[in-house]
Amino acid sequence: MKFLLDQNADRRLVAYLRTLGHDVIIISKDYPHGLPDKEILTIAFNEKRILITYDKGDFGELIFRQHCPHNGVILFRLLTQEDVLIENQTQRISYVLTEYKGQLHHFIVITSNRVKIRREI
């Protein structure tokens, strides 16, 4: 699979995803710093990548209210100190990639104890 890591996502996820054989690029490394979220979503869409972000509201707004095209978004909601630990993040994303493989083109919200799939209407 192909992923694009948003500039606010934990860069340690790159190494983990690459060990699983995925193609991963990072906004803050491979593109100019400070790109607007709409442009990041467009890059992910044009390159057929699933966006991984920690950005709480902006991408939901773009997808659900402005109907911007996308190939899938994985949003980490880091609510506790334990959520921030890379071990917990890699465990959660591994679970999602396995259990929700056929639904990665949707908007997926990951918390420490839940995975929520938000589909466009």
# chains A, B, ... in the order shown; residues from 1 in each chain; ligands from 1
>>> closest_atom_pairs(of="stretch 7-92 of chain A", to="stretch 98-120 of chain A", cutoff="7 Å", atoms="only C-alpha atoms", output="JSON lines")
{"residue": "A:Phe64", "atom": "CA", "partner": "A:Glu120", "partner_atom": "CA", "distance": 6.4}
{"residue": "A:Asn71", "atom": "CA", "partner": "A:His105", "partner_atom": "CA", "distance": 5.0}
{"residue": "A:Gly72", "atom": "CA", "partner": "A:His105", "partner_atom": "CA", "distance": 3.8}
{"residue": "A:Val73", "atom": "CA", "partner": "A:Phe107", "partner_atom": "CA", "distance": 4.8}
{"residue": "A:Ile74", "atom": "CA", "partner": "A:Ile108", "partner_atom": "CA", "distance": 4.8}
{"residue": "A:Leu75", "atom": "CA", "partner": "A:Val109", "partner_atom": "CA", "distance": 4.8}
{"residue": "A:Phe76", "atom": "CA", "partner": "A:Ile110", "partner_atom": "CA", "distance": 4.9}
{"residue": "A:Arg77", "atom": "CA", "partner": "A:Thr111", "partner_atom": "CA", "distance": 5.2}
{"residue": "A:Leu78", "atom": "CA", "partner": "A:Thr111", "partner_atom": "CA", "distance": 6.5}
{"residue": "A:Asp83", "atom": "CA", "partner": "A:Ser112", "partner_atom": "CA", "distance": 6.0}
>>> residues_around(residues="A:Glu39", least_positions_apart="5", cutoff="12 Å", atoms="only C-alpha atoms", output="PyMOL selection string")
chain A and resi 6+27+31-34+44-46+51+58-59+62+68-70
>>> write_last_selection(atoms="C-alpha atoms", output="PDB file, in the first residue's frame")
ATOM      1  CA  ASP A   6       1.023  14.299   7.370  1.00  0.00           C
ATOM      2  CA  ILE A  27       4.898  15.645   3.755  1.00  0.00           C
ATOM      3  CA  TYR A  31       7.258  18.537   0.082  1.00  0.00           C
ATOM      4  CA  PRO A  32       7.596  22.188   1.158  1.00  0.00           C
ATOM      5  CA  HIS A  33       6.857  22.847   4.828  1.00  0.00           C
ATOM      6  CA  GLY A  34       3.520  24.349   5.799  1.00  0.00           C
ATOM      7  CA  ALA A  44      -2.432  12.031  -1.449  1.00  0.00           C
ATOM      8  CA  PHE A  45      -5.312  11.665  -3.915  1.00  0.00           C
ATOM      9  CA  ASN A  46      -3.173  12.311  -7.003  1.00  0.00           C
ATOM     10  CA  LEU A  51      -3.176   9.864   4.338  1.00  0.00           C
ATOM     11  CA  ASP A  58      -9.468  19.842   9.048  1.00  0.00           C
ATOM     12  CA  PHE A  59      -9.497  16.711   6.896  1.00  0.00           C
ATOM     13  CA  LEU A  62     -12.569  18.861   3.630  1.00  0.00           C
ATOM     14  CA  CYS A  68     -12.824  16.765  -1.606  1.00  0.00           C
ATOM     15  CA  PRO A  69     -11.704  13.521  -3.238  1.00  0.00           C
ATOM     16  CA  HIS A  70      -9.384  11.195  -1.325  1.00  0.00           C
TER      17      HIS A  70
END
>>> atom_distance(atom1="atom CA of A:Ile86", atom2="atom CA of A:Lys2")
20.1 Å
>>> atom_distance(atom1="atom CA of A:Met1", atom2="atom CA of A:Ile43")
15.6 Å
>>> residues_around(residues="A:Asp23", least_positions_apart="4", cutoff="9 Å", atoms="only C-alpha atoms", output="ChimeraX atom specification")
/A:1-4,14,17-18,49
>>> write_last_selection(atoms="C-alpha atoms", output="PDB file, in the first residue's frame")
ATOM      1  CA  MET A   1       0.000   0.000   0.000  1.00  0.00           C
ATOM      2  CA  LYS A   2       0.971   3.609  -0.442  1.00  0.00           C
ATOM      3  CA  PHE A   3       0.827   6.075   2.437  1.00  0.00           C
ATOM      4  CA  LEU A   4       1.430   9.776   2.921  1.00  0.00           C
ATOM      5  CA  VAL A  14       7.491   5.462   8.458  1.00  0.00           C
ATOM      6  CA  LEU A  17       5.251   0.750   7.719  1.00  0.00           C
ATOM      7  CA  ARG A  18       8.263   0.276   5.450  1.00  0.00           C
ATOM      8  CA  ARG A  49      -1.929   7.321  -1.167  1.00  0.00           C
TER       9      ARG A  49
END
